[in-house]
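This is work_8.cif (mmCIF, C-alpha atoms).
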data_coords
#
loop_
_atom_site.label_atom_id
_atom_site.label_comp_id
_atom_site.auth_asym_id
_atom_site.auth_seq_id
_atom_site.Cartn_x
_atom_site.Cartn_y
_atom_site.Cartn_z
CA MET D 1 12.06 -2.37 -0.65
CA HIS D 2 8.72 -3.50 0.70
CA GLU D 3 7.95 -7.22 0.47
CA ALA D 4 4.31 -8.26 0.47
CA ALA D 5 2.83 -11.70 -0.08
CA PRO D 6 -0.98 -11.73 -0.22
CA GLU D 7 -2.38 -15.24 -0.36
CA PRO D 8 -3.61 -16.49 -3.76
CA ALA D 9 -7.35 -16.31 -4.24
CA GLY D 10 -8.90 -19.62 -3.25
CA GLN D 11 -5.54 -20.94 -2.01
CA ALA D 12 -5.36 -19.81 1.60
CA ALA D 13 -2.39 -21.26 3.41
CA PRO D 14 -3.21 -23.79 6.14
CA GLU D 15 -2.86 -22.47 9.67
CA PRO D 16 -0.48 -24.72 11.64
CA ALA D 17 -1.27 -25.42 15.28
CA GLY D 18 0.36 -22.88 17.53
CA GLN D 19 1.15 -20.53 14.64
CA ALA D 20 2.72 -17.25 15.79
CA ALA D 21 1.12 -13.89 15.12
CA PRO D 22 1.63 -12.50 11.58
CA ASP D 23 5.01 -10.89 10.97
CA PRO D 24 4.52 -7.14 11.60
CA ALA D 25 7.07 -6.24 8.91
CA LEU D 26 5.16 -8.27 6.33
CA GLN D 27 1.87 -6.70 7.40
CA ASP D 28 3.42 -3.23 7.16
CA ALA D 29 4.72 -4.01 3.67
CA LEU D 30 1.29 -5.15 2.54
CA VAL D 31 -0.30 -1.99 3.94
CA ALA D 32 2.33 0.14 2.19
CA LEU D 33 1.65 -1.59 -1.12
CA GLN D 34 -2.10 -1.23 -0.69
CA ASP D 35 -1.65 2.49 0.05
CA ALA D 36 0.51 2.85 -3.06
CA LEU D 37 -2.19 1.20 -5.20
CA VAL D 38 -4.90 3.50 -3.84
CA ALA D 39 -2.74 6.57 -4.51
CA LEU D 40 -1.96 5.37 -8.03
CA ALA D 41 -5.61 4.61 -8.82
CA ALA D 42 -6.65 8.15 -7.88
CA ARG D 43 -4.35 9.68 -10.52
CA ARG D 44 -5.08 10.17 -14.21
CA PRO D 45 -3.89 9.07 -16.64
CA VAL D 46 -2.68 5.69 -15.37
CA LEU D 47 -0.64 3.12 -17.28
CA VAL D 48 -0.77 -0.46 -15.98
CA ALA D 49 2.07 -2.24 -17.80
CA LEU D 50 2.72 -5.90 -17.03
CA ASP D 51 5.06 -8.69 -18.00
CA PHE D 52 3.29 -11.90 -19.01
CA ASP D 53 5.34 -15.01 -18.17
CA GLY D 54 6.06 -15.33 -14.47
CA THR D 55 3.81 -12.40 -13.62
CA LEU D 56 0.34 -12.81 -15.11
CA ALA D 57 1.00 -16.45 -16.00
CA PRO D 58 3.05 -18.98 -14.00
CA LEU D 59 6.26 -20.22 -15.62
CA VAL D 60 5.84 -23.62 -17.29
CA ASP D 61 8.24 -26.04 -18.95
CA ASP D 62 6.43 -25.76 -22.30
CA PRO D 63 6.01 -22.02 -23.01
CA THR D 64 3.33 -22.72 -25.63
CA THR D 65 0.99 -23.87 -22.83
CA SER D 66 1.35 -20.70 -20.72
CA ARG D 67 -1.97 -19.13 -19.70
CA MET D 68 -2.96 -16.13 -17.60
CA LEU D 69 -4.33 -16.86 -14.13
CA PRO D 70 -8.14 -16.43 -13.95
CA GLY D 71 -8.03 -13.68 -11.32
CA SER D 72 -5.43 -11.74 -13.29
CA ARG D 73 -7.53 -12.12 -16.42
CA ALA D 74 -10.61 -10.75 -14.63
CA ALA D 75 -8.67 -7.83 -13.16
CA LEU D 76 -7.08 -6.97 -16.52
CA ASP D 77 -10.52 -6.96 -18.14
CA ARG D 78 -11.82 -4.58 -15.46
CA LEU D 79 -8.84 -2.26 -15.84
CA ALA D 80 -9.23 -2.19 -19.62
CA GLN D 81 -12.85 -1.10 -19.16
CA ALA D 82 -11.63 1.94 -17.18
CA PHE D 83 -10.31 3.50 -20.43
CA PRO D 84 -9.66 6.38 -21.19
CA GLY D 85 -8.45 7.23 -17.69
CA VAL D 86 -6.56 3.93 -17.37
CA ARG D 87 -4.58 2.16 -20.09
CA THR D 88 -3.33 -1.42 -19.92
CA ALA D 89 -0.25 -2.82 -21.64
CA LEU D 90 1.57 -6.14 -21.84
CA VAL D 91 5.35 -5.84 -22.12
CA SER D 92 6.93 -9.18 -22.94
CA GLY D 93 9.95 -10.88 -24.38
CA ARG D 94 7.66 -13.06 -26.48
CA ASP D 95 7.10 -12.17 -30.10
CA LEU D 96 3.96 -10.13 -30.63
CA THR D 97 1.96 -12.81 -32.42
CA GLN D 98 2.55 -15.43 -29.72
CA LEU D 99 1.95 -12.92 -26.92
CA ALA D 100 -1.43 -11.93 -28.34
CA GLU D 101 -2.42 -15.55 -28.94
CA LEU D 102 -1.53 -16.85 -25.47
CA ALA D 103 -2.52 -13.82 -23.39
CA ASP D 104 -5.69 -13.05 -25.39
CA PRO D 105 -5.85 -9.57 -23.81
CA PRO D 106 -8.96 -7.37 -23.92
CA PRO D 107 -9.47 -4.74 -26.65
CA GLY D 108 -7.60 -1.53 -25.99
CA THR D 109 -4.56 -3.29 -24.52
CA LEU D 110 -1.25 -2.01 -25.84
CA LEU D 111 1.24 -4.73 -26.74
CA VAL D 112 5.03 -4.73 -26.65
CA GLY D 113 6.76 -7.87 -27.86
CA SER D 114 10.37 -9.00 -28.26
CA HIS D 115 11.51 -6.71 -25.42
CA GLY D 116 10.36 -3.62 -27.32
CA ALA D 117 11.21 -4.51 -30.92
CA GLU D 118 7.54 -5.14 -31.76
CA THR D 119 4.52 -3.02 -30.88
CA GLY D 120 0.80 -3.22 -31.47
CA GLU D 121 -2.64 -2.77 -30.01
CA VAL D 122 -5.59 -5.09 -29.46
CA ALA D 123 -8.62 -3.93 -31.43
CA PRO D 124 -12.12 -5.47 -31.41
CA ASP D 125 -11.34 -7.12 -34.75
CA GLY D 126 -7.86 -8.40 -33.85
CA VAL D 127 -4.33 -7.19 -33.23
CA ARG D 128 -3.04 -4.17 -35.12
CA ALA D 129 0.72 -4.65 -35.24
CA VAL D 130 3.33 -2.18 -36.42
CA PRO D 131 5.34 -3.93 -39.17
CA VAL D 132 8.96 -4.77 -38.33
CA GLU D 133 11.42 -3.95 -41.10
CA LEU D 134 15.10 -4.88 -41.11
CA ASP D 135 17.69 -3.44 -43.46
CA ASP D 136 19.86 -5.80 -45.49
CA GLU D 137 22.70 -5.86 -42.95
CA ARG D 138 20.43 -6.64 -39.99
CA ARG D 139 18.58 -9.25 -42.02
CA ARG D 140 21.89 -10.98 -42.80
CA ARG D 141 22.98 -10.88 -39.16
CA HIS D 142 19.59 -12.24 -38.10
CA THR D 143 20.00 -15.19 -40.47
CA ASP D 144 23.52 -15.87 -39.19
CA LEU D 145 22.35 -15.56 -35.58
CA VAL D 146 19.53 -18.06 -35.99
CA SER D 147 21.70 -20.61 -37.79
CA GLY D 148 24.45 -20.19 -35.19
CA PHE D 149 22.05 -20.73 -32.29
CA GLN D 150 20.55 -23.76 -34.02
CA ALA D 151 24.03 -25.24 -34.34
CA ALA D 152 24.62 -24.54 -30.63
CA ALA D 153 21.45 -26.46 -29.74
CA GLN D 154 21.96 -29.38 -32.12
CA GLY D 155 22.46 -32.72 -30.39
CA ARG D 156 21.89 -31.29 -26.91
CA HIS D 157 18.86 -32.72 -25.15
CA GLY D 158 16.34 -30.16 -23.91
CA VAL D 159 17.97 -27.22 -25.72
CA TRP D 160 15.94 -25.48 -28.39
CA VAL D 161 15.87 -22.23 -30.36
CA GLU D 162 13.03 -19.76 -30.71
CA THR D 163 13.13 -17.43 -33.72
CA LYS D 164 11.66 -13.93 -33.50
CA PRO D 165 11.40 -11.24 -36.19
CA THR D 166 14.44 -9.41 -34.80
CA ALA D 167 16.06 -11.96 -32.48
CA ALA D 168 16.90 -15.54 -31.60
CA VAL D 169 16.47 -17.17 -28.20
CA LEU D 170 18.34 -20.19 -26.83
CA HIS D 171 16.15 -22.06 -24.31
CA THR D 172 17.76 -24.40 -21.77
CA ARG D 173 14.98 -24.82 -19.19
CA LEU D 174 14.57 -28.53 -19.98
CA ALA D 175 18.28 -29.30 -20.41
CA GLY D 176 20.73 -30.89 -18.01
CA GLU D 177 23.68 -29.00 -16.59
CA GLU D 178 26.25 -30.33 -19.06
CA ASP D 179 24.15 -29.66 -22.17
CA THR D 180 23.16 -26.24 -20.83
CA HIS D 181 26.77 -25.21 -20.25
CA ALA D 182 27.90 -26.44 -23.67
CA ALA D 183 25.02 -24.82 -25.55
CA GLN D 184 25.41 -21.50 -23.76
CA GLY D 185 29.13 -21.46 -24.45
CA ALA D 186 28.58 -22.13 -28.15
CA ALA D 187 25.86 -19.48 -28.30
CA GLN D 188 28.15 -16.92 -26.66
CA ASP D 189 30.75 -17.62 -29.35
CA VAL D 190 28.13 -16.80 -31.99
CA VAL D 191 27.19 -13.57 -30.21
CA GLU D 192 30.80 -12.41 -30.04
CA ARG D 193 31.50 -13.33 -33.66
CA LEU D 194 28.53 -11.24 -34.84
CA GLY D 195 29.32 -8.33 -32.54
CA LEU D 196 25.95 -8.49 -30.79
CA ARG D 197 24.87 -8.31 -27.15
CA ALA D 198 23.10 -11.05 -25.21
CA MET D 199 20.25 -10.63 -22.74
CA HIS D 200 20.26 -13.32 -20.07
CA GLY D 201 16.94 -14.33 -18.52
CA LYS D 202 15.60 -17.36 -16.68
CA ASP D 203 17.07 -20.32 -18.61
CA VAL D 204 17.29 -18.26 -21.81
CA ILE D 205 19.83 -16.32 -23.80
CA GLU D 206 18.23 -13.84 -26.17
CA VAL D 207 20.07 -11.85 -28.80
CA ALA D 208 18.50 -9.18 -31.00
CA VAL D 209 19.86 -7.50 -34.11
CA VAL D 210 18.25 -4.21 -33.04
CA GLU D 211 18.80 -2.42 -29.72
CA THR D 212 15.76 -2.94 -27.51
CA SER D 213 14.85 -3.01 -23.84
CA LYS D 214 11.70 -3.08 -21.77
CA GLY D 215 12.79 0.18 -20.17
CA ALA D 216 12.91 2.03 -23.49
CA ALA D 217 9.59 0.45 -24.49
CA LEU D 218 7.97 1.58 -21.24
CA GLU D 219 9.20 5.14 -21.75
CA ARG D 220 7.64 5.16 -25.23
CA LEU D 221 4.34 3.92 -23.82
CA ARG D 222 4.40 6.66 -21.21
CA GLU D 223 5.10 9.29 -23.86
CA ARG D 224 2.23 8.00 -25.97
CA LEU D 225 -0.24 8.31 -23.11
CA ALA D 226 1.09 11.78 -22.32
CA GLN D 227 0.46 12.87 -25.91
CA ASP D 228 -3.01 11.32 -25.93
CA ASP D 229 -3.95 13.20 -22.74
CA ASP D 230 -1.96 16.36 -23.54
CA VAL D 231 0.09 16.19 -20.34
CA ALA D 232 3.77 15.96 -19.51
CA PRO D 233 5.14 12.38 -19.41
CA ASP D 234 5.82 12.60 -15.68
CA ARG D 235 2.11 13.25 -15.11
CA VAL D 236 1.35 9.70 -16.30
CA ALA D 237 1.19 7.37 -13.29
CA VAL D 238 2.68 3.94 -13.99
CA LEU D 239 2.48 0.52 -12.39
CA TYR D 240 4.96 -1.97 -13.81
CA ALA D 241 5.33 -5.57 -12.66
CA GLY D 242 7.69 -8.28 -13.84
CA ASP D 243 9.69 -11.27 -12.66
CA ASP D 244 12.82 -11.48 -14.80
CA THR D 245 16.16 -9.74 -15.09
CA THR D 246 14.95 -8.12 -18.32
CA ASP D 247 12.26 -6.31 -16.32
CA GLU D 248 14.89 -4.47 -14.29
CA ARG D 249 15.40 -1.94 -17.09
CA ALA D 250 11.71 -1.05 -16.80
CA PHE D 251 11.92 -0.68 -13.03
CA GLU D 252 14.94 1.60 -13.40
CA VAL D 253 13.26 4.17 -15.68
CA LEU D 254 10.33 4.75 -13.31
CA GLY D 255 10.21 7.28 -10.48
CA GLU D 256 9.23 7.52 -6.84
CA ALA D 257 5.60 8.33 -7.68
CA ASP D 258 5.24 5.13 -9.71
CA VAL D 259 4.64 1.60 -8.42
CA THR D 260 7.15 -1.09 -9.34
CA VAL D 261 6.58 -4.71 -8.32
CA LYS D 262 9.04 -7.58 -8.55
CA VAL D 263 7.37 -11.00 -8.72
CA GLY D 264 9.57 -13.68 -7.16
CA GLN D 265 13.10 -13.79 -5.80
CA GLY D 266 16.31 -12.05 -6.82
CA ALA D 267 17.93 -8.65 -6.55
CA THR D 268 15.75 -5.90 -7.96
CA ALA D 269 15.31 -2.16 -8.42
CA ALA D 270 11.57 -2.50 -7.76
CA ARG D 271 10.14 -0.84 -4.65
CA TYR D 272 7.79 -3.72 -3.83
CA ARG D 273 7.90 -7.49 -4.10
CA VAL D 274 5.34 -10.29 -4.10
CA ALA D 275 6.29 -13.95 -3.98
CA THR D 276 4.42 -15.57 -6.88
CA PRO D 277 2.08 -14.94 -9.83
CA TRP D 278 -0.75 -16.09 -7.53
CA ALA D 279 0.15 -13.35 -5.07
CA PHE D 280 0.25 -10.85 -7.93
CA GLU D 281 -3.17 -12.10 -9.03
CA VAL D 282 -4.52 -10.87 -5.69
CA LEU D 283 -2.63 -7.59 -6.01
CA LEU D 284 -4.00 -6.88 -9.48
CA GLY D 285 -7.54 -7.49 -8.24
CA ARG D 286 -6.95 -4.95 -5.47
CA LEU D 287 -5.74 -2.41 -8.03
CA ALA D 288 -8.92 -2.95 -10.07
CA ASP D 289 -10.96 -2.43 -6.89
CA ALA D 290 -9.08 0.80 -6.17
CA VAL D 291 -9.61 2.08 -9.72
CA ASP D 292 -13.34 1.34 -9.50
CA ALA D 293 -13.54 3.12 -6.13
CA ALA D 294 -11.66 6.16 -7.45
CA ALA D 295 -13.97 6.37 -10.47
CA ALA D 296 -17.08 6.12 -8.27
CA ALA D 297 -15.77 8.90 -6.00
CA GLN D 298 -15.40 11.22 -9.00
CA GLU D 299 -18.98 10.70 -10.21
#
This entry written out as structure tokens:
Amino acid sequence: MHEAAPEPAGQAAPEPAGQAAPDPALQDALVALQDALVALAARRPVLVALDFDGTLAPLVDDPTTSRMLPGSRAALDRLAQAFPGVRTALVSGRDLTQLAELADPPPGTLLVGSHGAETGEVAPDGVRAVPVELDDERRRRHTDLVSGFQAAAQGRHGVWVETKPTAAVLHTRLAGEEDTHAAQGAAQDVVERLGLRAMHGKDVIEVAVVETSKGAALERLRERLAQDDDVAPDRVAVLYAGDDTTDERAFEVLGEADVTVKVGQGATAARYRVATPWAFEVLLGRLADAVDAAAAAQE
């Protein structure tokens, strides 16, 4: 895997006295990533699918205050304007309503919420969401799941529960070690009792009553673009970037001709890595530049 760490826009690192020459391996990785972006931008159609938290927006203690970095916002707007040759999408674990509200993406952006359980599209007059319908059995299990997670969080400082249309999420980012361990253990008991499967992310346990993954959602997005452009799915070039363990399923479904970017630390199936959302902000701007250059060359 290539690791590249472009400096955040407007946040150049200070140059210590006597600093050694740049690491050649890092420079080679950055060149390789830049070359991959240029190659991707020259293809059509292109799908630019991105996680939100930890990728476009830095992680924060209060998830309701999360906002996209300005440079990423500008690059996403530019990429959205390259439609129909380029299509943008946000693929998030957040529920669709909250994702649209916090990200405020440009019209034409495809939305995937709740790890694939919710889908929609940003239109000039608002978000057009596909309704989520649960049968009676799943509705009952959802009710039991939420109440079980709420009981797991009760009385434990910094532990709270987020309810989604098809899932419940136990958050422990603000909790101490003892409360985290106790809440997670109680939540796991609920999961096993209901016969469900947990997804473990950064300080979260999420459980859905329908089978979903970002990988399956990304494959559906790719198939949609292929149908729109009347091409085979493998003709759709894809860039996917994410920071969490739940993004690994998306990395795994993509091929050698696609560009996969892990943001942050940890084992990954992605081919490239950048260190932070600020580094990805620079990367996304470079992709927008490459798309503009490719479009100008075709005129």
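Across D:Asp234, D:Glu137, D:Asp229, D:Glu219, the tightest approach to Val86 of chain D is made by D:Asp229 when counting all atoms listed in the file.
Straight-line separation from atom CA of Leu111 of chain D to atom CA of Ala42 of chain D: 24.2 Å.
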What residues come out when you apply the PyMOL selection byres ((chain D and resi 292) around 10) to this file, written as a PyMOL selection string? chain D and resi 41-42+78-79+81-82+286-291+293-297
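Each of D:Pro277, D:Lys164, D:Ala49, D:Gly93 was compared to Tyr240 of chain D using all atoms listed in the file, and D:Ala49 turns out to be the nearest.
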Find the residues near Asp258 of chain D: any atom within 8 Å, counting all atoms listed in the file, skip ones fewer than 6 places away on the same chain, and give them as a PDB file with C-alpha atoms, keeping the file's coordinate frame.
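And here is the file that came out, selection.pdb:
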ATOM      1  CA  LEU D  40      -1.960   5.370  -8.030  1.00  0.00           C
ATOM      2  CA  ALA D 237       1.190   7.370 -13.290  1.00  0.00           C
ATOM      3  CA  VAL D 238       2.680   3.940 -13.990  1.00  0.00           C
ATOM      4  CA  LEU D 239       2.480   0.520 -12.390  1.00  0.00           C
TER       5      LEU D 239
END
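Closest approach to Gln154 of chain D among D:Ala187, D:Ala216, D:Leu99, D:Ala275: D:Ala187, based on all atoms listed in the file.
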Kindly give the distance, in Å, that separates atom CA of Val261 of chain D and atom CA of Phe280 of chain D, rounded to a single decimal. 8.8 Å
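Taking atom CA of Leu47 of chain D as the reference point, atom CA of Ala89 of chain D is found at 7.4 Å.
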Would you list the contacts of Ala168 of chain D as a PyMOL selection string, taking every protein, DNA or RNA residue within 9 Å and counting all atoms listed in the file, but skipping same-chain residues closer than 2 positions in sequence? chain D and resi 142+145-146+149+161-166+170+205-209
Store the residues picked out above, limited to C-alpha atoms, as an mmCIF file, in the coordinates of the input.
data_model
loop_
_atom_site.group_PDB
_atom_site.id
_atom_site.type_symbol
_atom_site.label_atom_id
_atom_site.label_comp_id
_atom_site.auth_asym_id
_atom_site.auth_seq_id
_atom_site.Cartn_x
_atom_site.Cartn_y
_atom_site.Cartn_z
ATOM 1 C CA HIS D 142 19.590 -12.240 -38.100
ATOM 2 C CA LEU D 145 22.350 -15.560 -35.580
ATOM 3 C CA VAL D 146 19.530 -18.060 -35.990
ATOM 4 C CA PHE D 149 22.050 -20.730 -32.290
ATOM 5 C CA VAL D 161 15.870 -22.230 -30.360
ATOM 6 C CA GLU D 162 13.030 -19.760 -30.710
ATOM 7 C CA THR D 163 13.130 -17.430 -33.720
ATOM 8 C CA LYS D 164 11.660 -13.930 -33.500
ATOM 9 C CA PRO D 165 11.400 -11.240 -36.190
ATOM 10 C CA THR D 166 14.440 -9.410 -34.800
ATOM 11 C CA LEU D 170 18.340 -20.190 -26.830
ATOM 12 C CA ILE D 205 19.830 -16.320 -23.800
ATOM 13 C CA GLU D 206 18.230 -13.840 -26.170
ATOM 14 C CA VAL D 207 20.070 -11.850 -28.800
ATOM 15 C CA ALA D 208 18.500 -9.180 -31.000
ATOM 16 C CA VAL D 209 19.860 -7.500 -34.110
#
Take the PyMOL selection byres ((chain D and resi 196) around 10), apply it to the structure above, and return the hits as a PyMOL selection string. chain D and resi 141+145+188+190-195+197-198+207-211
Among the residues D:Ala269, D:Val122, D:Ala32, D:Val38, the one that comes closest to Pro107 of chain D [using all atoms listed in the file]: D:Val122
Check what the PyMOL selection byres ((chain D and resi 98) around 12) selects in the file above and give those residues as number ranges by chain. D: 52-53, 63-67, 92-97, 99-105, 111-114, 118, 127, 162-165
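Nearest-residue note for Gly116 of chain D: choosing from D:Gly185, D:Gly215, D:Pro45, D:Pro70, the minimum distance belongs to D:Gly215, counting only C-alpha atoms.
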Within 9 Å of Ala186 of chain D using only C-alpha atoms, minus same-chain residues under 3 positions, as a PDB file with C-alpha atoms, in the frame of the given file:
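Just written: part_39.pdb:
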ATOM      1  CA  GLY D 148      24.450 -20.190 -35.190  1.00  0.00           C
ATOM      2  CA  PHE D 149      22.050 -20.730 -32.290  1.00  0.00           C
ATOM      3  CA  ALA D 151      24.030 -25.240 -34.340  1.00  0.00           C
ATOM      4  CA  ALA D 152      24.620 -24.540 -30.630  1.00  0.00           C
ATOM      5  CA  ALA D 153      21.450 -26.460 -29.740  1.00  0.00           C
ATOM      6  CA  HIS D 181      26.770 -25.210 -20.250  1.00  0.00           C
ATOM      7  CA  ALA D 182      27.900 -26.440 -23.670  1.00  0.00           C
ATOM      8  CA  ALA D 183      25.020 -24.820 -25.550  1.00  0.00           C
ATOM      9  CA  ASP D 189      30.750 -17.620 -29.350  1.00  0.00           C
ATOM     10  CA  VAL D 190      28.130 -16.800 -31.990  1.00  0.00           C
ATOM     11  CA  VAL D 191      27.190 -13.570 -30.210  1.00  0.00           C
TER      12      VAL D 191
END
Which residues, written as a PDB file with C-alpha atoms, in the frame of the given file, have at least one atom at most 8 Å from Ala80 of chain D, with only C-alpha atoms counted and residues fewer than 6 positions away on the same chain left out?
ATOM      1  CA  VAL D  86      -6.560   3.930 -17.370  1.00  0.00           C
ATOM      2  CA  ARG D  87      -4.580   2.160 -20.090  1.00  0.00           C
ATOM      3  CA  THR D  88      -3.330  -1.420 -19.920  1.00  0.00           C
ATOM      4  CA  PRO D 106      -8.960  -7.370 -23.920  1.00  0.00           C
ATOM      5  CA  PRO D 107      -9.470  -4.740 -26.650  1.00  0.00           C
ATOM      6  CA  GLY D 108      -7.600  -1.530 -25.990  1.00  0.00           C
ATOM      7  CA  THR D 109      -4.560  -3.290 -24.520  1.00  0.00           C
TER       8      THR D 109
END
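Proximity to His171 of chain D was assessed for D:Ala39, D:Ala257, D:Asp61, D:Gly285 counting only C-alpha atoms; the smallest distance is recorded for D:Asp61.
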Any idea what's packed within 6 Å of Glu223 of chain D, counting only C-alpha atoms, ignoring anything in its chain fewer than 3 positions away? Could you give it as a compact mmCIF listing (two decimals) with C-alpha atoms, in the frame of the given file?
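selection03.txt, written as the output of this step:
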# COMPACT_ATOMS: atom_id res chain seq x y z
CA ARG D 220 7.64 5.16 -25.23
CA ALA D 226 1.09 11.78 -22.32
CA PRO D 233 5.14 12.38 -19.41
If I wrap all listed atoms of segment 272-283 of chain D in a box with edges along x, y and z and add 4 Å on each side, what are its centre and edge lengths in Å to one decimal, as AutoDock Vina command-line options?
--center_x 1.7 --center_y -9.9 --center_z -6.8 --size_x 20.4 --size_y 20.4 --size_z 14.0
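Residues with at least one atom no more than 6 Å from (2.6, -3.7, -36.2), using all atoms listed in the file, are Thr119, Gly120, Arg128, Ala129, Val130 and Pro131 of chain D.
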Would you write out those residues with C-alpha atoms, as an mmCIF file, keeping the file's coordinate frame?
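Final output, saved to result.cif:
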data_model
loop_
_atom_site.group_PDB
_atom_site.id
_atom_site.type_symbol
_atom_site.label_atom_id
_atom_site.label_comp_id
_atom_site.auth_asym_id
_atom_site.auth_seq_id
_atom_site.Cartn_x
_atom_site.Cartn_y
_atom_site.Cartn_z
ATOM 1 C CA THR D 119 4.520 -3.020 -30.880
ATOM 2 C CA GLY D 120 0.800 -3.220 -31.470
ATOM 3 C CA ARG D 128 -3.040 -4.170 -35.120
ATOM 4 C CA ALA D 129 0.720 -4.650 -35.240
ATOM 5 C CA VAL D 130 3.330 -2.180 -36.420
ATOM 6 C CA PRO D 131 5.340 -3.930 -39.170
#
